[in-house]
Amino acid sequence: MDRRFEKAKALMPGGVSSPVRAFGAVGGTPIFLERGERAFVYDADGKEYIDFLGSWGPLIVGHSHPKVVEAIRDQAGKGTTFGAPTELETELARRIVDRFPACEKVRFVSSGTEATMSAIRLARAATGKSVLVKIEGCYHGHADSLLVKAGSGVLTLGIPGSPGVPTDLAALTVTIPFGDAAALQCVLAERAGHVAAVIVEPVAGNMGVVAPPEGWLKALRDLTAENGVLLIFDEVMTGFRVDRGGAQTLYGVEPDLSCFGKIVGGGLPVGAYGGKAKFMDQVAPSGPVYQAGTLSGNPLAMRAGIATLDLLDEPGTYEKLEAASAKLQAGLEAAARAAGVPAVVNRVGSMLTAFFTDRPVTNYASATIADTKRYAAFHRAMLDRGVYLAPSQFEALFVSTAHSPAIIERTLAAARDALQAIAR
Ligand code: PMP
């Protein structure tokens, strides 16, 4: 057992600051990282890995991009937090509303969890209703109302929600399967007059990547609008990634409220939620819906976010991400076929998941039949070959602008070898 992990476990639950990092789903002990440089991370012993975790999504321009580092350094010298307005918040807000027409105004928070939790409070206040509809296998952070049939760590650890969430509160969250519009119709009829909002990852990333079936997001939009229910897109993972304007731009469906995190902070802790002014003006101090934060909109994090979004606006960025990701998907599919390992690779833009199953993965039920033991073996085999993947079958693999064609080719060579090894 790694001494570092032993020491960490003595002082922190499971030795980690967030559950899936403990490698419980893939076995072995977690690798302690020390340094990241563009597409690579280096462990405490100096071993190099091609990194597809990207800190779970924020690092779309890779680790320690010189422009992001320069922005952070410069700001650190001027002050990291004031708890007072700076023009930097306006600058980052401008970049969000420019990319997301459904957002006329945004509020900055410090994590994706805070963004979704606050958006739900706003939706409940704006509608005067309480019931929340959530999609099975979608994860929206760890707020009480959102842990019911959640994905990511809740799914990875196989726990049905969480102790500590009051039953009365959990009873206000109704879940429906991903891709099922008829189920929403039923809930809206059964709970008529009680539903405040539907929250969805427009492209699921937290049961592994699952694309929305054709027309489903539009059906959610129509059904919610007809019933006076707000539609919340959780774009914490998809925002600025699957398209410059997120999944709502890619699929042409406008939600009432949008939640952001990850990329918007460029690797520093930032979340945001936004929507039309008629909703956002209900948030304090414009309106009565309370929500606040000591470090919200701090200048250090704003600078990292601004630098990252500006880098993404360099010409050809999304085309490059798409080409690298498509090459990775095709290569993984071919490698699995050649090794005789049943696998389905789901991808939307630069987020993808290789599920070890021979059936299409379209929702929570089909995701959970994937062979997690085989994923664990693949994960270990890839680590041994210098490639760092998410330590769970039910997570995405993130491609960044630092993943050059040569790095993708190196990854595929490792994958071909790893898949042959685990097929035996
Ligand atoms: N929503 C989605 C879609 C996410 O993927 C995550 C985190 N993986 C969250 C919300 C929660 O964000 P955070 O971990 O920053 O609280």
# chains A, B, ... in the order shown; residues from 1 in each chain; ligands from 1
call {"tool": "residues_around", "arguments": {"residues": "Asp310 of chain A", "least_positions_apart": "3", "cutoff": "12 Å", "atoms": "only C-alpha atoms", "output": "VMD selection string"}}
result
chain A and resid 60 to 61 67 to 68 71 91 to 92 94 to 96 99 240 244 263 to 264 266 303 to 307 313 to 315 317
call {"tool": "select_by_dssp", "arguments": {"residues": "segment 191-311 of chain A", "states": "strand (DSSP E or B)", "output": "VMD selection string"}}
result
chain A and resid 195 to 200 204 206 208 210 230 to 234 257 to 260 271 to 275 283 289
call {"tool": "residues_around", "arguments": {"residues": "segment 211-215 of chain A", "least_positions_apart": "2", "cutoff": "7 Å", "atoms": "only C-alpha atoms", "output": "list in words"}}
result
Gly179, Pro202, Val203, Ala204, Val209, Leu217, Lys218, Ala219 and Val348 of chain A
call {"tool": "closest_residue", "arguments": {"among": "A:Arg424, A:His403, A:Lys9, A:His379", "to": "Ile50 of chain A", "atoms": "only C-alpha atoms"}}
result
A:His403
call {"tool": "residues_near_ligand", "arguments": {"ligand": "ligand 1", "cutoff": "8 Å", "atoms": "only C-alpha atoms and all ligand atoms", "output": "VMD selection string"}}
result
chain A and resid 56 to 57 110 to 116 138 to 142 152 201 204 to 206 234 to 238 259 to 262 269 to 271
call {"tool": "write_last_selection", "arguments": {"atoms": "C-alpha atoms", "output": "short mmCIF file (atom, residue, chain, number, x, y, z; two decimals), in the first residue's frame"}}
result
data_model
loop_
_atom_site.label_atom_id
_atom_site.label_comp_id
_atom_site.auth_asym_id
_atom_site.auth_seq_id
_atom_site.Cartn_x
_atom_site.Cartn_y
_atom_site.Cartn_z
CA TRP A 56 -13.07 15.99 -14.68
CA GLY A 57 -13.63 18.48 -17.48
CA SER A 110 -17.95 28.64 -6.77
CA SER A 111 -18.95 25.16 -7.98
CA GLY A 112 -21.33 23.27 -10.22
CA THR A 113 -23.16 22.03 -7.14
CA GLU A 114 -23.87 25.58 -6.04
CA ALA A 115 -25.04 26.50 -9.53
CA THR A 116 -27.65 23.72 -9.79
CA CYS A 138 -27.78 12.43 -14.39
CA TYR A 139 -25.62 14.03 -11.71
CA HIS A 140 -26.02 17.65 -10.75
CA GLY A 141 -23.74 17.92 -7.76
CA HIS A 142 -24.46 16.86 -4.22
CA SER A 152 -21.18 9.84 -11.18
CA GLU A 201 -27.77 17.09 -18.42
CA ALA A 204 -25.39 12.95 -20.03
CA GLY A 205 -21.81 12.62 -18.85
CA ASN A 206 -22.29 11.16 -15.41
CA ASP A 234 -27.15 21.55 -16.42
CA GLU A 235 -24.31 22.49 -18.76
CA VAL A 236 -21.63 22.16 -16.09
CA MET A 237 -19.92 19.53 -18.23
CA THR A 238 -21.22 20.38 -21.71
CA CYS A 259 -25.99 25.97 -15.05
CA PHE A 260 -22.26 26.18 -15.65
CA GLY A 261 -19.08 25.04 -13.93
CA LYS A 262 -15.81 23.37 -14.88
CA PRO A 269 -13.44 27.02 -8.68
CA VAL A 270 -16.22 28.79 -10.58
CA GLY A 271 -19.83 27.97 -11.25
#
call {"tool": "residues_around", "arguments": {"residues": "Glu48 of chain A", "least_positions_apart": "4", "cutoff": "12 Å", "atoms": "only C-alpha atoms", "output": "list in words"}}
result
Ile31, Phe32, Leu33, Glu34, Arg35, Gly36, Glu37, Arg38, Ala39, Phe40, Val41, Tyr42, Asp43, Ala44, Leu383, Asp384, Arg385, Gly386, Val387 and Tyr388 of chain A
call {"tool": "closest_residue", "arguments": {"among": "A:Ala150, A:Val344, A:Val133, A:Leu230", "to": "Ser366 of chain A", "atoms": "only C-alpha atoms"}}
result
A:Val344
call {"tool": "closest_residue", "arguments": {"among": "A:Met280, A:Ala423, A:Ala102, A:Leu268", "to": "Gly252 of chain A", "atoms": "only C-alpha atoms"}}
result
A:Ala102
call {"tool": "atom_distance", "arguments": {"atom1": "atom CA of Asp168 of chain A", "atom2": "atom CA of Asp144 of chain A"}}
result
10.8 Å
call {"tool": "select_by_dssp", "arguments": {"residues": "segment 9-205 of chain A", "states": "alpha helix (DSSP H)", "output": "JSON, numbers by chain"}}
result
{"A": [9, 10, 11, 66, 67, 68, 69, 70, 71, 72, 73, 74, 75, 76, 77, 78, 87, 88, 89, 90, 91, 92, 93, 94, 95, 96, 97, 98, 99, 112, 113, 114, 115, 116, 117, 118, 119, 120, 121, 122, 123, 124, 125, 126, 127, 152, 153, 154, 155, 156, 167, 168, 169, 170, 181, 182, 183, 184, 185, 186, 187, 188, 189, 190]}
call {"tool": "closest_residue", "arguments": {"among": "A:Leu146, A:Ala376, A:Val289, A:Leu311", "to": "Pro66 of chain A", "atoms": "only C-alpha atoms"}}
result
A:Leu311
call {"tool": "atom_distance", "arguments": {"atom1": "atom CA of Ala25 of chain A", "atom2": "atom CA of Thr372 of chain A"}}
result
8.0 Å
call {"tool": "residues_around", "arguments": {"residues": "Arg337 of chain A", "least_positions_apart": "5", "cutoff": "12 Å", "atoms": "only C-alpha atoms", "output": "PDB file with all heavy atoms, in the first residue's frame"}}
result
ATOM      1  N   ALA A 330     -12.958   6.371 -33.083  1.00  0.00           N
ATOM      2  CA  ALA A 330     -12.827   5.351 -34.129  1.00  0.00           C
ATOM      3  C   ALA A 330     -11.709   4.372 -33.774  1.00  0.00           C
ATOM      4  O   ALA A 330     -11.842   3.150 -33.963  1.00  0.00           O
ATOM      5  CB  ALA A 330     -12.555   6.014 -35.477  1.00  0.00           C
ATOM      6  N   GLY A 331     -10.616   4.900 -33.241  1.00  0.00           N
ATOM      7  CA  GLY A 331      -9.471   4.054 -32.890  1.00  0.00           C
ATOM      8  C   GLY A 331      -9.811   3.088 -31.760  1.00  0.00           C
ATOM      9  O   GLY A 331      -9.403   1.920 -31.783  1.00  0.00           O
ATOM     10  N   LEU A 332     -10.568   3.572 -30.770  1.00  0.00           N
ATOM     11  CA  LEU A 332     -10.952   2.707 -29.651  1.00  0.00           C
ATOM     12  C   LEU A 332     -11.906   1.618 -30.131  1.00  0.00           C
ATOM     13  O   LEU A 332     -11.786   0.451 -29.741  1.00  0.00           O
ATOM     14  CB  LEU A 332     -11.608   3.531 -28.537  1.00  0.00           C
ATOM     15  CG  LEU A 332     -10.675   4.421 -27.701  1.00  0.00           C
ATOM     16  CD1 LEU A 332     -11.487   5.323 -26.766  1.00  0.00           C
ATOM     17  CD2 LEU A 332      -9.689   3.575 -26.894  1.00  0.00           C
ATOM     18  N   PRO A 342     -16.162  -6.804 -26.569  1.00  0.00           N
ATOM     19  CA  PRO A 342     -17.371  -6.033 -26.892  1.00  0.00           C
ATOM     20  C   PRO A 342     -17.300  -4.645 -26.253  1.00  0.00           C
ATOM     21  O   PRO A 342     -17.069  -4.536 -25.052  1.00  0.00           O
ATOM     22  CB  PRO A 342     -18.513  -6.836 -26.250  1.00  0.00           C
ATOM     23  CG  PRO A 342     -17.924  -8.150 -25.852  1.00  0.00           C
ATOM     24  CD  PRO A 342     -16.450  -7.972 -25.732  1.00  0.00           C
ATOM     25  N   ALA A 343     -17.464  -3.616 -27.072  1.00  0.00           N
ATOM     26  CA  ALA A 343     -17.413  -2.252 -26.540  1.00  0.00           C
ATOM     27  C   ALA A 343     -18.253  -1.323 -27.399  1.00  0.00           C
ATOM     28  O   ALA A 343     -18.355  -1.507 -28.617  1.00  0.00           O
ATOM     29  CB  ALA A 343     -15.975  -1.753 -26.491  1.00  0.00           C
ATOM     30  N   VAL A 344     -18.861  -0.358 -26.744  1.00  0.00           N
ATOM     31  CA  VAL A 344     -19.628   0.688 -27.433  1.00  0.00           C
ATOM     32  C   VAL A 344     -18.997   2.010 -27.022  1.00  0.00           C
ATOM     33  O   VAL A 344     -18.858   2.277 -25.827  1.00  0.00           O
ATOM     34  CB  VAL A 344     -21.103   0.666 -26.966  1.00  0.00           C
ATOM     35  CG1 VAL A 344     -21.851   1.885 -27.449  1.00  0.00           C
ATOM     36  CG2 VAL A 344     -21.788  -0.617 -27.405  1.00  0.00           C
ATOM     37  N   VAL A 345     -18.581   2.812 -27.992  1.00  0.00           N
ATOM     38  CA  VAL A 345     -17.975   4.103 -27.644  1.00  0.00           C
ATOM     39  C   VAL A 345     -18.966   5.212 -27.971  1.00  0.00           C
ATOM     40  O   VAL A 345     -19.277   5.460 -29.132  1.00  0.00           O
ATOM     41  CB  VAL A 345     -16.628   4.319 -28.388  1.00  0.00           C
ATOM     42  CG1 VAL A 345     -15.974   5.610 -27.910  1.00  0.00           C
ATOM     43  CG2 VAL A 345     -15.691   3.141 -28.187  1.00  0.00           C
ATOM     44  N   PHE A 356     -18.040  -1.187 -21.813  1.00  0.00           N
ATOM     45  CA  PHE A 356     -17.771  -2.579 -22.158  1.00  0.00           C
ATOM     46  C   PHE A 356     -19.078  -3.377 -22.174  1.00  0.00           C
ATOM     47  O   PHE A 356     -19.463  -4.008 -21.196  1.00  0.00           O
ATOM     48  CB  PHE A 356     -16.718  -3.163 -21.223  1.00  0.00           C
ATOM     49  CG  PHE A 356     -15.365  -2.581 -21.497  1.00  0.00           C
ATOM     50  CD1 PHE A 356     -14.784  -1.677 -20.627  1.00  0.00           C
ATOM     51  CD2 PHE A 356     -14.701  -2.902 -22.670  1.00  0.00           C
ATOM     52  CE1 PHE A 356     -13.551  -1.116 -20.914  1.00  0.00           C
ATOM     53  CE2 PHE A 356     -13.468  -2.341 -22.971  1.00  0.00           C
ATOM     54  CZ  PHE A 356     -12.897  -1.446 -22.093  1.00  0.00           C
ATOM     55  N   THR A 357     -19.748  -3.306 -23.293  1.00  0.00           N
ATOM     56  CA  THR A 357     -21.010  -4.008 -23.517  1.00  0.00           C
ATOM     57  C   THR A 357     -21.192  -4.121 -25.032  1.00  0.00           C
ATOM     58  O   THR A 357     -20.580  -3.356 -25.780  1.00  0.00           O
ATOM     59  CB  THR A 357     -22.211  -3.234 -22.908  1.00  0.00           C
ATOM     60  OG1 THR A 357     -23.426  -3.826 -23.339  1.00  0.00           O
ATOM     61  CG2 THR A 357     -22.225  -1.775 -23.333  1.00  0.00           C
ATOM     62  N   ASP A 358     -22.038  -5.058 -25.468  1.00  0.00           N
ATOM     63  CA  ASP A 358     -22.270  -5.151 -26.925  1.00  0.00           C
ATOM     64  C   ASP A 358     -23.597  -4.495 -27.309  1.00  0.00           C
ATOM     65  O   ASP A 358     -23.998  -4.541 -28.460  1.00  0.00           O
ATOM     66  CB  ASP A 358     -22.217  -6.613 -27.394  1.00  0.00           C
ATOM     67  CG  ASP A 358     -23.166  -7.500 -26.609  1.00  0.00           C
ATOM     68  OD1 ASP A 358     -23.909  -6.967 -25.752  1.00  0.00           O
ATOM     69  OD2 ASP A 358     -23.143  -8.731 -26.838  1.00  0.00           O
ATOM     70  N   ALA A 415      -3.953   1.667 -26.165  1.00  0.00           N
ATOM     71  CA  ALA A 415      -5.275   1.032 -26.040  1.00  0.00           C
ATOM     72  C   ALA A 415      -5.307  -0.308 -26.772  1.00  0.00           C
ATOM     73  O   ALA A 415      -5.885  -1.279 -26.273  1.00  0.00           O
ATOM     74  CB  ALA A 415      -6.354   1.960 -26.580  1.00  0.00           C
ATOM     75  N   ARG A 416      -4.686  -0.370 -27.959  1.00  0.00           N
ATOM     76  CA  ARG A 416      -4.658  -1.637 -28.713  1.00  0.00           C
ATOM     77  C   ARG A 416      -3.987  -2.723 -27.881  1.00  0.00           C
ATOM     78  O   ARG A 416      -4.491  -3.833 -27.737  1.00  0.00           O
ATOM     79  CB  ARG A 416      -3.911  -1.434 -30.047  1.00  0.00           C
ATOM     80  CG  ARG A 416      -4.753  -0.712 -31.094  1.00  0.00           C
ATOM     81  CD  ARG A 416      -4.094  -0.744 -32.472  1.00  0.00           C
ATOM     82  NE  ARG A 416      -2.992   0.202 -32.590  1.00  0.00           N
ATOM     83  CZ  ARG A 416      -3.132   1.488 -32.964  1.00  0.00           C
ATOM     84  NH1 ARG A 416      -4.333   1.976 -33.249  1.00  0.00           N
ATOM     85  NH2 ARG A 416      -2.093   2.285 -33.055  1.00  0.00           N
ATOM     86  N   LEU A 419      -6.131  -3.550 -24.667  1.00  0.00           N
ATOM     87  CA  LEU A 419      -7.335  -4.344 -24.955  1.00  0.00           C
ATOM     88  C   LEU A 419      -6.961  -5.794 -25.288  1.00  0.00           C
ATOM     89  O   LEU A 419      -7.658  -6.732 -24.887  1.00  0.00           O
ATOM     90  CB  LEU A 419      -8.135  -3.694 -26.090  1.00  0.00           C
ATOM     91  CG  LEU A 419      -8.911  -2.433 -25.623  1.00  0.00           C
ATOM     92  CD1 LEU A 419      -9.305  -1.559 -26.804  1.00  0.00           C
ATOM     93  CD2 LEU A 419     -10.165  -2.831 -24.833  1.00  0.00           C
ATOM     94  N   GLN A 420      -5.841  -5.977 -26.011  1.00  0.00           N
ATOM     95  CA  GLN A 420      -5.378  -7.355 -26.275  1.00  0.00           C
ATOM     96  C   GLN A 420      -5.066  -8.047 -24.945  1.00  0.00           C
ATOM     97  O   GLN A 420      -5.434  -9.196 -24.725  1.00  0.00           O
ATOM     98  CB  GLN A 420      -4.103  -7.343 -27.144  1.00  0.00           C
ATOM     99  CG  GLN A 420      -4.305  -6.848 -28.569  1.00  0.00           C
ATOM    100  CD  GLN A 420      -5.070  -7.818 -29.456  1.00  0.00           C
ATOM    101  OE1 GLN A 420      -5.254  -8.978 -29.105  1.00  0.00           O
ATOM    102  NE2 GLN A 420      -5.549  -7.340 -30.605  1.00  0.00           N
ATOM    103  N   ALA A 423      -8.239  -8.945 -23.024  1.00  0.00           N
ATOM    104  CA  ALA A 423      -9.124  -9.890 -23.722  1.00  0.00           C
ATOM    105  C   ALA A 423      -8.758 -11.315 -23.350  1.00  0.00           C
ATOM    106  O   ALA A 423      -9.584 -12.223 -23.395  1.00  0.00           O
ATOM    107  CB  ALA A 423      -9.007  -9.687 -25.231  1.00  0.00           C
TER     108      ALA A 423
END
